[in-house]
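Data file: coords-v8.txt. Format and content: compact mmCIF, C-alpha atoms.
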```txt
# COMPACT_ATOMS: atom_id res chain seq x y z
CA MET A 20 48.58 -24.65 51.89
CA ARG A 21 47.23 -26.65 49.03
CA MET A 22 43.62 -27.26 47.93
CA ASN A 23 42.54 -30.80 47.43
CA ASP A 24 41.40 -32.09 43.99
CA SER A 25 37.70 -31.58 44.73
CA SER A 26 38.16 -27.92 45.59
CA THR A 27 40.29 -27.36 42.53
CA GLN A 28 37.59 -28.89 40.31
CA LYS A 29 34.90 -26.62 41.83
CA VAL A 30 36.99 -23.54 41.19
CA ARG A 31 37.52 -24.58 37.60
CA VAL A 32 33.79 -25.13 37.03
CA GLN A 33 32.95 -21.76 38.56
CA TRP A 34 35.57 -20.05 36.42
CA LEU A 35 34.20 -21.75 33.30
CA ARG A 36 30.65 -20.67 34.12
CA CYS A 37 31.76 -17.12 34.70
CA THR A 38 33.57 -17.09 31.39
CA CYS A 39 30.51 -18.42 29.56
CA VAL A 40 28.22 -15.80 31.10
CA CYS A 41 30.63 -13.06 30.12
CA CYS A 42 30.75 -14.36 26.56
CA ILE A 43 26.97 -14.46 26.29
CA LEU A 44 26.60 -10.96 27.69
CA PHE A 45 29.26 -9.66 25.35
CA SER A 46 27.65 -11.37 22.41
CA ALA A 47 24.21 -10.02 23.27
CA SER A 48 25.41 -6.48 23.70
CA TRP A 49 27.30 -6.72 20.44
CA CYS A 50 24.17 -7.84 18.57
CA GLN A 51 21.92 -5.17 20.05
CA GLY A 52 24.19 -2.50 18.73
CA GLN A 53 23.69 -3.52 15.12
CA ILE A 54 21.52 -1.23 13.01
CA GLY A 55 20.76 -0.82 9.35
CA THR A 56 19.31 2.30 7.82
CA ALA A 57 17.58 3.11 4.56
CA LYS A 58 15.27 5.68 3.12
CA VAL A 59 12.38 5.78 0.69
CA THR A 60 11.24 8.88 -1.12
CA VAL A 61 7.49 9.10 -1.58
CA SER A 62 5.89 11.30 -4.19
CA ALA A 63 2.32 11.97 -5.18
CA ASN A 64 0.45 14.49 -7.28
CA VAL A 65 -2.84 15.56 -5.75
CA GLN A 66 -5.70 16.25 -8.12
CA SER A 67 -9.02 17.93 -7.44
CA SER A 68 -11.92 15.52 -7.64
CA ILE A 69 -15.61 15.18 -6.98
CA GLY A 70 -17.63 12.10 -6.18
CA LEU A 71 -21.29 11.28 -6.68
CA VAL A 72 -23.44 8.83 -4.75
CA PHE A 73 -27.11 7.93 -4.78
CA LEU A 74 -28.98 7.74 -1.49
CA ASN A 75 -32.44 6.71 -0.44
CA ASN A 76 -34.62 9.69 0.26
CA ALA A 77 -35.71 10.22 3.85
CA ALA A 78 -39.26 9.31 2.77
CA VAL A 79 -38.18 6.00 1.27
CA GLY A 80 -40.93 3.39 1.31
CA THR A 81 -43.72 5.87 0.98
CA ASN A 82 -45.49 6.53 -2.29
CA GLY A 83 -43.09 8.08 -4.75
CA PHE A 84 -39.92 6.97 -2.95
CA CYS A 85 -38.79 3.45 -3.72
CA PRO A 86 -35.64 2.01 -2.13
CA LEU A 87 -32.45 1.82 -4.10
CA THR A 88 -30.35 -1.28 -4.14
CA ASN A 89 -26.72 -0.63 -3.29
CA ALA A 90 -27.62 2.84 -1.97
CA GLY A 91 -24.67 4.94 -0.91
CA THR A 92 -22.69 4.13 -4.00
CA ASN A 93 -22.48 5.52 -7.51
CA ASN A 94 -23.99 2.41 -9.08
CA VAL A 95 -27.46 1.60 -7.81
CA GLY A 96 -30.61 -0.20 -8.87
CA LEU A 97 -34.21 1.00 -8.86
CA ASP A 98 -37.06 -1.46 -9.23
CA LEU A 99 -40.25 0.19 -10.46
CA GLY A 100 -42.26 -3.00 -10.28
CA GLN A 101 -44.87 -4.10 -12.84
CA ALA A 102 -47.26 -1.60 -14.31
CA SER A 103 -49.93 -1.36 -16.94
CA PHE A 104 -52.08 1.41 -18.30
CA THR A 105 -55.16 -0.24 -16.92
CA THR A 106 -54.13 -1.68 -13.57
CA GLY A 107 -51.54 0.71 -12.21
CA ASP A 108 -48.28 -0.36 -10.56
CA SER A 109 -47.57 -3.35 -8.35
CA LEU A 110 -45.40 -1.43 -5.88
CA ALA A 111 -46.80 0.94 -3.30
CA CYS A 112 -43.63 3.00 -3.35
CA VAL A 113 -44.09 3.82 -7.03
CA GLN A 114 -46.14 6.84 -7.91
CA PHE A 115 -48.49 6.07 -10.80
CA PHE A 116 -50.79 8.24 -12.86
CA GLN A 117 -52.33 8.38 -16.32
CA PHE A 118 -52.91 11.09 -18.88
CA PHE A 119 -53.97 11.17 -22.54
CA GLY A 120 -53.26 7.53 -23.37
CA PHE A 121 -50.03 7.36 -21.40
CA TYR A 122 -49.20 6.18 -17.94
CA VAL A 123 -46.36 7.42 -15.78
CA VAL A 124 -44.50 5.71 -12.99
CA ASP A 125 -41.86 7.50 -11.01
CA SER A 126 -39.78 7.35 -7.87
CA ALA A 127 -37.51 9.86 -6.20
CA PHE A 128 -34.07 9.42 -4.66
CA ASP A 129 -31.25 11.68 -3.52
CA VAL A 130 -27.98 12.59 -5.15
CA VAL A 131 -24.99 13.81 -3.13
CA VAL A 132 -21.90 15.19 -4.77
CA THR A 133 -18.79 15.69 -2.67
CA LYS A 134 -15.68 17.61 -3.56
CA ALA A 135 -12.09 17.15 -2.45
CA ASN A 136 -9.10 19.43 -2.85
CA SER A 137 -11.20 21.78 -4.92
CA THR A 138 -12.12 25.45 -4.78
CA SER A 139 -15.20 24.85 -6.90
CA ALA A 140 -18.26 26.55 -5.42
CA ASN A 141 -20.91 24.27 -6.85
CA TYR A 142 -21.60 21.77 -9.57
CA GLN A 143 -23.73 21.08 -12.58
CA LEU A 144 -25.70 17.84 -12.84
CA ALA A 145 -26.66 16.16 -16.08
CA ALA A 146 -28.14 12.82 -17.07
CA SER A 147 -28.44 10.66 -20.16
CA LEU A 148 -29.75 7.29 -21.25
CA ALA A 149 -27.29 4.52 -22.02
CA THR A 150 -29.51 3.25 -24.84
CA ALA A 151 -32.47 4.65 -26.71
CA PRO A 152 -35.82 3.40 -25.31
CA PRO A 153 -38.51 1.67 -27.38
CA THR A 154 -40.92 3.78 -29.36
CA ASN A 155 -43.43 5.64 -27.20
CA VAL A 156 -41.41 5.09 -24.04
CA PHE A 157 -39.85 8.16 -22.45
CA TRP A 158 -37.57 8.36 -19.43
CA THR A 159 -37.77 11.58 -17.51
CA ILE A 160 -36.10 13.41 -14.68
CA ASN A 161 -38.17 15.59 -12.44
CA THR A 162 -41.24 15.02 -14.61
CA PHE A 163 -40.56 17.51 -17.35
CA THR A 164 -37.04 16.75 -18.53
CA VAL A 165 -37.06 13.99 -21.12
CA LEU A 166 -33.78 12.14 -21.31
CA SER A 167 -31.97 11.02 -24.41
CA THR A 168 -28.68 9.34 -25.15
CA THR A 169 -26.90 12.68 -24.90
CA PHE A 170 -26.44 14.42 -21.57
CA THR A 171 -29.17 16.83 -20.56
CA THR A 172 -28.45 19.33 -17.80
CA ILE A 173 -30.73 18.91 -14.83
CA GLN A 174 -29.36 21.56 -12.47
CA ASN A 175 -26.64 24.15 -12.83
CA ASN A 176 -25.65 25.25 -9.34
CA ASN A 177 -26.06 22.46 -6.84
CA ASN A 178 -24.23 22.67 -3.55
CA TYR A 179 -21.63 20.11 -2.63
CA GLY A 180 -22.33 17.75 0.21
CA GLN A 181 -26.05 18.40 0.19
CA ARG A 182 -28.77 16.01 -0.83
CA VAL A 183 -30.61 16.88 -4.01
CA THR A 184 -33.79 14.97 -4.63
CA GLU A 185 -34.31 13.78 -8.18
CA THR A 186 -37.33 11.97 -9.53
CA LEU A 187 -36.85 9.35 -12.19
CA GLY A 188 -39.95 8.57 -14.24
CA VAL A 189 -40.91 6.56 -17.24
CA VAL A 190 -43.79 7.53 -19.52
CA VAL A 191 -45.35 4.66 -21.43
CA ASN A 192 -47.96 4.91 -24.16
CA GLN A 193 -50.81 2.47 -23.87
CA THR A 194 -49.91 1.11 -27.30
CA VAL A 195 -46.50 -0.16 -26.15
CA PRO A 196 -46.41 -3.96 -26.21
CA ALA A 197 -45.83 -5.81 -22.97
CA GLN A 198 -42.10 -6.11 -22.29
CA THR A 199 -39.48 -5.39 -19.69
CA LEU A 200 -38.27 -1.85 -19.89
CA PHE A 201 -34.73 -1.80 -18.67
CA GLU A 202 -32.69 1.34 -18.86
CA THR A 203 -29.38 2.60 -17.52
CA ILE A 204 -29.35 6.28 -16.70
CA ASN A 205 -25.98 7.95 -16.44
CA PHE A 206 -25.49 10.94 -14.18
CA LEU A 207 -22.70 13.41 -14.65
CA ALA A 208 -21.66 16.01 -12.11
CA THR A 209 -19.33 18.70 -13.34
CA ALA A 210 -17.56 21.14 -11.02
CA ASN A 211 -18.25 24.76 -11.80
CA MET B 11 96.54 -57.64 1.94
CA LEU B 12 97.47 -54.02 1.54
CA ASN B 13 95.71 -53.86 -1.76
CA LYS B 14 92.61 -55.28 -0.23
CA TYR B 15 92.77 -52.65 2.50
CA ASN B 16 93.12 -49.87 -0.06
CA ALA B 17 90.23 -51.16 -2.06
CA VAL B 18 88.00 -51.13 0.99
CA ARG B 19 89.16 -47.64 1.91
CA ASN B 20 88.49 -46.30 -1.54
CA MET B 21 85.03 -47.79 -1.73
CA THR B 22 84.22 -46.33 1.65
CA MET B 23 85.28 -42.85 0.58
CA VAL B 24 83.27 -43.10 -2.63
CA ALA B 25 80.24 -44.16 -0.66
CA LEU B 26 80.66 -41.23 1.72
CA LEU B 27 81.00 -38.79 -1.16
CA LEU B 28 77.91 -40.16 -2.87
CA ALA B 29 75.97 -40.04 0.34
CA SER B 30 77.03 -36.46 0.92
CA ALA B 31 76.02 -35.48 -2.61
CA ALA B 32 72.61 -37.09 -2.15
CA ALA B 33 72.19 -35.27 1.09
CA PHE B 34 72.87 -31.90 -0.55
CA GLY B 35 70.31 -32.70 -3.32
CA GLN B 36 67.37 -32.92 -0.74
CA THR B 37 67.64 -29.27 0.44
CA THR B 38 64.19 -28.13 1.71
CA ALA B 39 62.60 -25.04 3.20
CA THR B 40 59.47 -24.78 5.31
CA GLY B 41 57.15 -21.98 6.33
CA VAL B 42 53.72 -21.28 7.86
CA ILE B 43 51.08 -18.67 7.25
CA ASN B 44 49.25 -17.38 10.26
CA ALA B 45 46.02 -16.19 8.58
CA THR B 46 43.44 -14.09 10.39
CA LEU B 47 39.88 -13.16 9.37
CA ILE B 48 37.72 -10.93 11.48
CA ASN B 49 34.19 -12.04 10.72
CA LYS B 50 32.10 -9.01 11.62
CA ASN B 51 28.36 -8.97 12.16
CA GLY B 52 25.98 -6.48 10.68
CA ILE B 53 22.57 -5.86 9.16
CA SER B 54 21.41 -3.99 6.11
CA LEU B 55 18.00 -2.90 4.91
CA VAL B 56 16.69 -2.80 1.36
CA PHE B 57 13.30 -2.04 -0.16
CA ASP B 58 11.69 -4.45 -2.60
CA THR B 59 8.67 -3.93 -4.82
CA ASP B 60 5.67 -5.80 -3.50
CA PRO B 61 3.50 -7.58 -6.07
CA GLY B 62 0.51 -5.62 -4.81
CA GLY B 63 2.18 -2.23 -4.73
CA VAL B 64 3.70 0.34 -7.02
CA ALA B 65 6.96 -0.48 -8.73
CA LEU B 66 9.69 1.08 -6.63
CA GLY B 67 12.40 3.18 -8.15
CA ALA B 68 15.86 1.82 -7.33
CA ASN B 69 14.19 -1.41 -6.35
CA GLY B 70 16.30 -3.64 -4.14
CA THR B 71 18.36 -0.80 -2.70
CA SER B 72 18.39 1.11 0.52
CA ALA B 73 17.43 4.36 -1.22
CA ALA B 74 14.24 3.60 -3.11
CA SER B 75 11.38 5.76 -4.28
CA ALA B 76 7.63 5.20 -4.45
CA ASN B 77 5.60 7.27 -6.85
CA TYR B 78 1.85 7.23 -6.30
CA GLY B 79 1.20 9.22 -9.45
CA ASN B 80 -1.98 11.24 -9.53
CA ILE B 81 -4.07 10.79 -6.42
CA SER B 82 -7.53 12.06 -5.60
CA ALA B 83 -10.51 11.28 -3.45
CA PHE B 84 -12.68 10.07 -6.30
CA GLY B 85 -10.63 9.81 -9.46
CA ALA B 86 -8.72 6.92 -10.97
CA LEU B 87 -5.52 5.82 -9.28
CA SER B 88 -2.32 4.34 -10.61
CA ALA B 89 -1.68 0.62 -10.64
CA GLY B 90 -0.61 -0.59 -7.23
CA VAL B 91 -2.37 2.23 -5.42
CA THR B 92 -5.62 1.68 -3.58
CA ARG B 93 -7.96 3.99 -1.70
CA PRO B 94 -9.11 2.20 1.45
CA SER B 95 -11.12 5.08 2.84
CA VAL B 96 -12.77 8.35 1.91
CA THR B 97 -14.36 10.54 4.55
CA ALA B 98 -15.57 14.11 4.55
CA ALA B 99 -12.31 15.21 6.14
CA ASN B 100 -9.73 13.13 4.33
CA TYR B 101 -8.97 10.15 2.18
CA THR B 102 -6.28 7.55 2.28
CA VAL B 103 -4.31 6.19 -0.63
CA ARG B 104 -2.17 3.15 -0.04
CA THR B 105 0.56 1.16 -1.59
CA ILE B 106 2.44 -1.86 -0.33
CA PHE B 107 6.19 -2.19 -0.23
CA ASP B 108 8.52 -4.83 1.12
CA VAL B 109 11.35 -4.38 3.56
CA GLN B 110 14.10 -6.93 3.66
CA VAL B 111 16.61 -6.80 6.47
CA ILE B 112 19.64 -8.94 5.86
CA GLU B 113 21.83 -10.06 8.72
CA GLY B 114 25.18 -11.72 8.93
CA GLY B 115 27.16 -12.97 11.87
CA LEU B 116 24.42 -12.31 14.36
CA VAL B 117 22.60 -14.48 16.83
CA SER B 118 19.77 -11.96 16.88
CA PRO B 119 16.36 -13.65 16.38
CA SER B 120 14.57 -10.62 14.94
CA TYR B 121 14.78 -6.89 14.42
CA THR B 122 12.92 -3.76 15.39
CA LEU B 123 11.88 -1.46 12.57
CA THR B 124 11.40 2.24 13.10
CA ALA B 125 10.59 5.03 10.67
CA ASN B 126 10.49 8.77 10.68
CA LEU B 127 9.90 11.60 8.27
CA ALA B 128 13.02 13.40 7.20
CA ALA B 129 11.09 16.67 7.32
CA VAL B 130 7.67 17.87 8.37
CA ALA B 131 4.97 16.53 6.06
CA PRO B 132 3.58 18.82 3.36
CA THR B 133 0.41 20.71 4.23
CA GLY B 134 -2.64 18.49 4.11
CA PHE B 135 -0.62 15.29 4.20
CA ALA B 136 0.04 12.65 6.80
CA TYR B 137 2.07 9.52 6.30
CA LYS B 138 1.47 6.17 7.91
CA VAL B 139 3.32 2.89 7.85
CA ASP B 140 1.11 0.03 8.99
CA ALA B 141 -1.28 2.50 10.65
CA VAL B 142 1.54 4.17 12.59
CA THR B 143 1.51 7.89 11.92
CA LEU B 144 4.97 9.14 11.12
CA THR B 145 6.58 12.23 12.51
CA THR B 146 10.10 13.54 12.39
CA VAL B 147 10.78 11.43 15.48
CA ALA B 148 11.33 7.71 14.96
CA GLN B 149 8.20 5.63 15.47
CA THR B 150 8.27 1.89 16.03
CA ILE B 151 6.68 -0.02 13.19
CA SER B 152 7.52 -3.57 14.21
CA THR B 153 9.46 -5.28 16.96
CA THR B 154 9.55 -8.77 15.52
CA GLY B 155 10.86 -8.39 11.99
CA THR B 156 12.05 -11.52 10.24
CA TYR B 157 15.52 -11.44 8.75
CA ASN B 158 16.35 -12.28 5.16
CA ALA B 159 12.75 -12.20 3.95
CA ASP B 160 10.52 -9.64 2.32
CA VAL B 161 8.16 -8.24 4.91
CA ALA B 162 5.22 -6.33 3.43
CA HIS B 163 4.22 -2.98 4.88
CA ASN B 164 1.39 -0.61 4.02
CA LEU B 165 2.43 2.91 3.22
CA ASP B 166 -0.56 5.22 3.57
CA LEU B 167 -0.91 8.81 2.50
CA VAL B 168 -3.73 10.49 4.37
CA VAL B 169 -4.79 13.51 2.36
CA SER B 170 -7.02 16.28 3.58
CA THR B 171 -10.03 16.95 1.36
CA ALA B 172 -9.76 20.66 2.05
CA ALA B 173 -9.09 22.99 -0.81
CA PRO B 174 -5.63 24.41 -1.44
CA GLY B 175 -5.12 27.40 0.83
CA GLY B 176 -7.77 26.14 3.19
CA GLY B 177 -5.65 23.53 4.89
CA GLY B 178 -5.58 21.16 1.95
CA PRO B 179 -2.57 20.15 -0.07
CA ALA B 180 -1.30 21.89 -3.15
CA ILE B 181 -2.77 20.35 -6.25
CA GLY B 182 -1.25 19.59 -9.59
CA THR B 183 2.31 19.55 -8.34
CA PRO B 184 4.31 16.58 -7.12
CA LEU B 185 4.61 16.50 -3.35
CA THR B 186 7.46 14.47 -1.95
CA ALA B 187 8.60 13.29 1.41
CA THR B 188 11.50 11.18 2.53
CA ILE B 189 10.96 8.48 5.10
CA ASN B 190 13.94 7.12 6.97
CA PHE B 191 13.85 3.54 8.16
CA THR B 192 16.08 1.99 10.78
CA ALA B 193 16.33 -1.69 11.60
CA THR B 194 17.89 -2.59 14.94
CA ALA B 195 18.86 -6.11 15.89
CA ASN B 196 16.98 -7.46 18.87
```
Would you write out, as structure tokens, the structure that this file holds?
Amino acid sequence: MRMNDSSTQKVRVQWLRCTCVCCILFSASWCQGQIGTAKVTVSANVQSSIGLVFLNNAAVGTNGFCPLTNAGTNNVGLDLGQASFTTGDSLACVQFFQFFGFYVVDSAFDVVVTKANSTSANYQLAASLATAPPTNVFWTINTFTVLSTTFTTIQNNNNYGQRVTETLGVVVNQTVPAQTLFETINFLATAN
Amino acid sequence: MLNKYNAVRNMTMVALLLASAAAFGQTTATGVINATLINKNGISLVFDTDPGGVALGANGTSAASANYGNISAFGALSAGVTRPSVTAANYTVRTIFDVQVIEGGLVSPSYTLTANLAAVAPTGFAYKVDAVTLTTVAQTISTTGTYNADVAHNLDLVVSTAAPGGGGPAIGTPLTATINFTATAN
């Protein structure tokens, strides 16, 4: 018995297809088995550290508590408005008072110091002026501590992670000529 | 007539001798080489320094190293190391490195990249590649890696802020971990 030409052709085509499928499957399985390996060694040296941020006090907006710009960071701004010995201050949030030929404006904010990878129990906080103020102008912390260009300790045993309210004030003699009083106050927290 | 016959005979013999000599002078030899090359397929993986990351040790090899230097929640970091987050519980320091998977002889369109820690992470540490937390079991980082090109990956160290002895990492001493990477052809 002999197949005709048409049947023979069909068998050949089917055989060719089968062969192709087998080749593809073999090729695919061969590729999937390929792997490459490598390793990277990572090293780091952990250091204890503490961080300091300034926050708006809960009473922000009321008298004596002006808002900070960029609050929540360690580099903020505090606008104390415009003030004069005779007319007071332009901002309601600024506390203003006079005494013996001087006027005082001040505003309070919070400081939070956080520790990481440290066994330190508490920290010391100090502050200083970046530049000396004009004559008869005095920058203060918490009313009675007059700041200078060297660090002055404000507190010795503050707790980490807790807000500490600090009041920044400026005392201006009535003889000081009209001018913009701009000052940068640096704060330094040191782990005990 | 006889002389003429002899002359013809002699010339014929000389011609045959000359022809025979010429034939011997064309001696040749032939041969064939049946050469075989088995072109195998395969892939390899190397680490390359990323412009935004730390300079890798043994850059361009399959056994590189990444040194973060001194790390802390609030202090200065080495070049190529960033600190994308700091929370009360932990902080993350990050560098970027490149993986290049080279293929040959494959019809594979892409590769799958997995990674695992060679050993349990040091106390207070967790390691992430592209936000995938690593364990000692292989974790899939990518399923569509591109061959023959540097592919950037973030390598994060998540460090507990706890103090040493209180769940935090040891301080002041280098802490190391080895991360194994495997690329598999898709």
Checklist entry - Once you count all atoms listed in the file, which residues of chain B turn out to be within 6 Å of chain A? Could you give them as a PyMOL selection string? => result chain B and resi 52-55+72-82+84+171-173+181-196
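The neighbours of Ser152 in chain B here are the residues that come within 12 Å of it, using all atoms listed in the file and leaving out any residue fewer than 4 positions away in the same chain; they are Val109, Ser120, Tyr121, Thr122, Leu123, Thr124, Ala125, Val139, Asp140, Ala141, Val142, Ala148, Thr156, Val161, Ala162, His163, Phe191, Thr192, Ala193, Thr194, Ala195 and Asn196 of chain B.
Comparing the minimum interatomic distances between Ala127 in chain A and each of A:Gly107, A:Gly100, A:Pro86, A:Pro152, counting all atoms listed in the file, we find that A:Pro86 sits nearest.
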Next on the checklist: Give me, as a PyMOL selection string, all polymer residues having an atom no more than 6 Å from Cys85 in chain A, counting only C-alpha atoms and skipping those fewer than 4 positions away in the same chain.
Outcome noted: chain A and resi 79-80+112+126
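If only C-alpha atoms are the atoms counted, then among B:Ser118, B:Asn49, B:Gln110, B:Asn100 the closest residue to Gly70 in chain B is B:Gln110.
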